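**Student:** Quick one, run19.csv (CSV, C-alpha atoms):
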chain,number,residue,atom,x,y,z
Q,23,MET,CA,0.0,0.0,0.0
Q,24,SER,CA,1.3,3.5,-0.8
Q,25,GLY,CA,-0.1,6.9,-1.2
Q,26,THR,CA,0.7,10.5,-1.8
Q,27,THR,CA,0.9,13.5,0.5
Q,28,GLY,CA,0.3,17.1,-0.3
Q,29,LYS,CA,0.9,18.0,-3.9
Q,30,THR,CA,2.6,14.7,-4.6
Q,31,SER,CA,6.1,16.0,-3.7
Q,32,SER,CA,6.4,13.0,-1.5
Q,33,ARG,CA,4.9,9.5,-1.4
Q,34,TRP,CA,4.6,7.1,1.5
Q,35,THR,CA,5.0,3.4,1.7
Q,36,VAL,CA,5.2,0.9,4.6
Q,37,HIS,CA,8.6,-0.3,5.6
Q,38,HIS,CA,9.1,-2.6,8.6
Q,39,GLU,CA,5.5,-2.0,9.5
Q,40,GLU,CA,6.0,1.8,9.7
Q,41,ARG,CA,4.9,4.5,7.3
Q,42,VAL,CA,7.9,6.0,5.6
Q,43,GLU,CA,7.8,9.2,3.5
Q,44,VAL,CA,9.8,9.0,0.3
Q,45,PRO,CA,10.4,11.8,-2.3
Q,46,ALA,CA,8.2,11.7,-5.4
Q,47,THR,CA,10.2,14.1,-7.6
Q,48,VAL,CA,13.6,14.1,-9.1
Q,49,ASP,CA,14.5,17.2,-7.1
Q,50,GLY,CA,13.2,15.6,-3.9
Q,51,ILE,CA,15.3,12.5,-4.4
Q,52,ARG,CA,18.4,14.6,-5.2
Q,53,ALA,CA,17.8,16.7,-2.0
Q,54,ALA,CA,17.7,13.6,0.2
Q,55,LEU,CA,21.1,12.3,-1.0
Q,56,THR,CA,24.6,13.0,0.2
Q,57,ALA,CA,26.9,14.9,-2.1
Q,58,ASP,CA,28.6,11.8,-3.3
Q,59,GLU,CA,25.3,10.0,-3.9
Q,60,ARG,CA,24.0,13.1,-5.7
Q,61,GLN,CA,26.9,12.9,-8.2
Q,62,LEU,CA,26.2,9.3,-8.9
Q,63,PHE,CA,22.4,9.9,-9.1
Q,64,ASP,CA,23.0,12.7,-11.6
Q,65,LYS,CA,25.3,10.5,-13.7
Q,66,GLU,CA,22.9,7.6,-13.7
Q,67,LEU,CA,19.9,9.8,-14.4
Q,68,GLY,CA,21.7,11.6,-17.2
Q,69,GLY,CA,22.6,8.3,-18.9
Q,70,ALA,CA,19.1,6.8,-18.5
Q,71,THR,CA,17.0,6.3,-21.6
Q,72,VAL,CA,13.3,6.7,-21.8
Q,73,GLU,CA,13.0,3.0,-21.2
Q,74,THR,CA,15.2,3.0,-18.1
Q,75,VAL,CA,14.5,6.3,-16.4
Q,76,ALA,CA,11.8,4.9,-14.1
Q,77,GLU,CA,14.1,2.0,-13.0
Q,78,VAL,CA,16.8,4.5,-12.1
Q,79,LEU,CA,14.4,6.6,-10.1
Q,80,ARG,CA,13.0,3.6,-8.3
Q,81,HIS,CA,16.5,2.5,-7.4
Q,82,TRP,CA,17.3,5.8,-5.8
Q,83,VAL,CA,14.0,6.1,-4.0
Q,84,LEU,CA,14.8,2.7,-2.4
Q,85,GLU,CA,18.3,4.1,-1.5
Q,86,VAL,CA,16.7,7.0,0.3
Q,87,ALA,CA,14.1,4.9,2.1
Q,88,SER,CA,16.3,1.9,3.0
Q,89,GLU,CA,18.4,1.3,6.1
Q,90,PRO,CA,21.8,-0.5,6.1
Q,91,GLU,CA,20.4,-3.8,7.2
Q,92,ASP,CA,18.0,-3.7,4.2
Q,93,GLU,CA,21.0,-4.1,1.8
Q,94,GLU,CA,21.4,-7.8,2.7
Q,95,VAL,CA,17.7,-8.4,1.9
Q,96,PHE,CA,18.0,-6.5,-1.4
Q,97,THR,CA,21.1,-8.5,-2.4
Q,98,ARG,CA,19.4,-11.8,-1.6
Q,99,LEU,CA,16.3,-10.8,-3.6
Q,100,LYS,CA,18.4,-9.7,-6.6
Q,101,ASP,CA,20.3,-13.0,-6.5
Q,102,GLU,CA,17.0,-14.9,-6.4
Q,103,ASP,CA,15.6,-12.9,-9.2
Q,104,ARG,CA,18.8,-13.5,-11.4
Q,105,GLY,CA,18.5,-17.3,-10.7
Q,106,ALA,CA,14.8,-17.3,-11.7
Q,107,THR,CA,15.6,-15.3,-14.9
Q,108,ARG,CA,18.3,-17.8,-15.8
Q,109,ALA,CA,16.0,-20.8,-15.2
Q,110,ALA,CA,13.3,-19.2,-17.3
Q,111,THR,CA,15.7,-18.5,-20.1
Q,112,ARG,CA,16.9,-22.1,-20.1
Q,113,LEU,CA,13.3,-23.3,-20.2
Q,114,LEU,CA,12.5,-21.1,-23.1
Q,115,ARG,CA,15.5,-22.3,-25.0
Q,116,SER,CA,14.7,-26.0,-24.6
What is this structure when it is put down as structure tokens?

**Tutor:**
Amino acid sequence: MSGTTGKTSSRWTVHHEERVEVPATVDGIRAALTADERQLFDKELGGATVETVAEVLRHWVLEVASEPEDEEVFTRLKDEDRGATRAATRLLRS
């Protein structure tokens, strides 16, 4: 479940059973980042295509909303996703 607040300058989602506000604009995401993160964000956003820009923004919203212990969960889920993708590709090829 998620929603918007105000004039949609932020969104909310539930994280660890708590409501968490996350930015809903490029400027909001950028403002929530450290200087180093902002440089990387700008580089990734500048290199994004029309097809990948939403993925780049989603990634950075998760960066803003996540806590250090979440990284282990994200890594595990990405690994599981890669494994499922490889298995599906093998099935399609056979």

**Student:** What's the 8 Å shell around segment 81-86 of chain Q, counting all atoms listed in the file, without same-chain residues fewer than 4 positions away, as a ChimeraX atom specification?

**Tutor:** /Q:44-45,51,54-55,63,77

**Student:** I'd like the interatomic distance between atom CA of Val75 of chain Q and atom CA of Val42 of chain Q, to a tenth of an Å.

**Tutor:** 23.0 Å

**Student:** Rank Q:Arg80, Q:Arg52, Q:Arg112, Q:Arg33 by their smallest atom-to-atom distance to Asp64 of chain Q, using only C-alpha atoms, and report the top residue only.

**Tutor:** Q:Arg52

**Student:** Have a look at atom CA of Ala46 of chain Q and atom CA of Ser31 of chain Q and let me know their distance in Å, one decimal.

**Tutor:**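 Between these atoms lies a distance of 5.1 Å.
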
**Student:** To one decimal place, how far is atom CA of Gly50 of chain Q from atom CA of Lys65 of chain Q in Å?

**Tutor:**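 Atom-to-atom, atom CA of Gly50 of chain Q to atom CA of Lys65 of chain Q, that is 16.4 Å.
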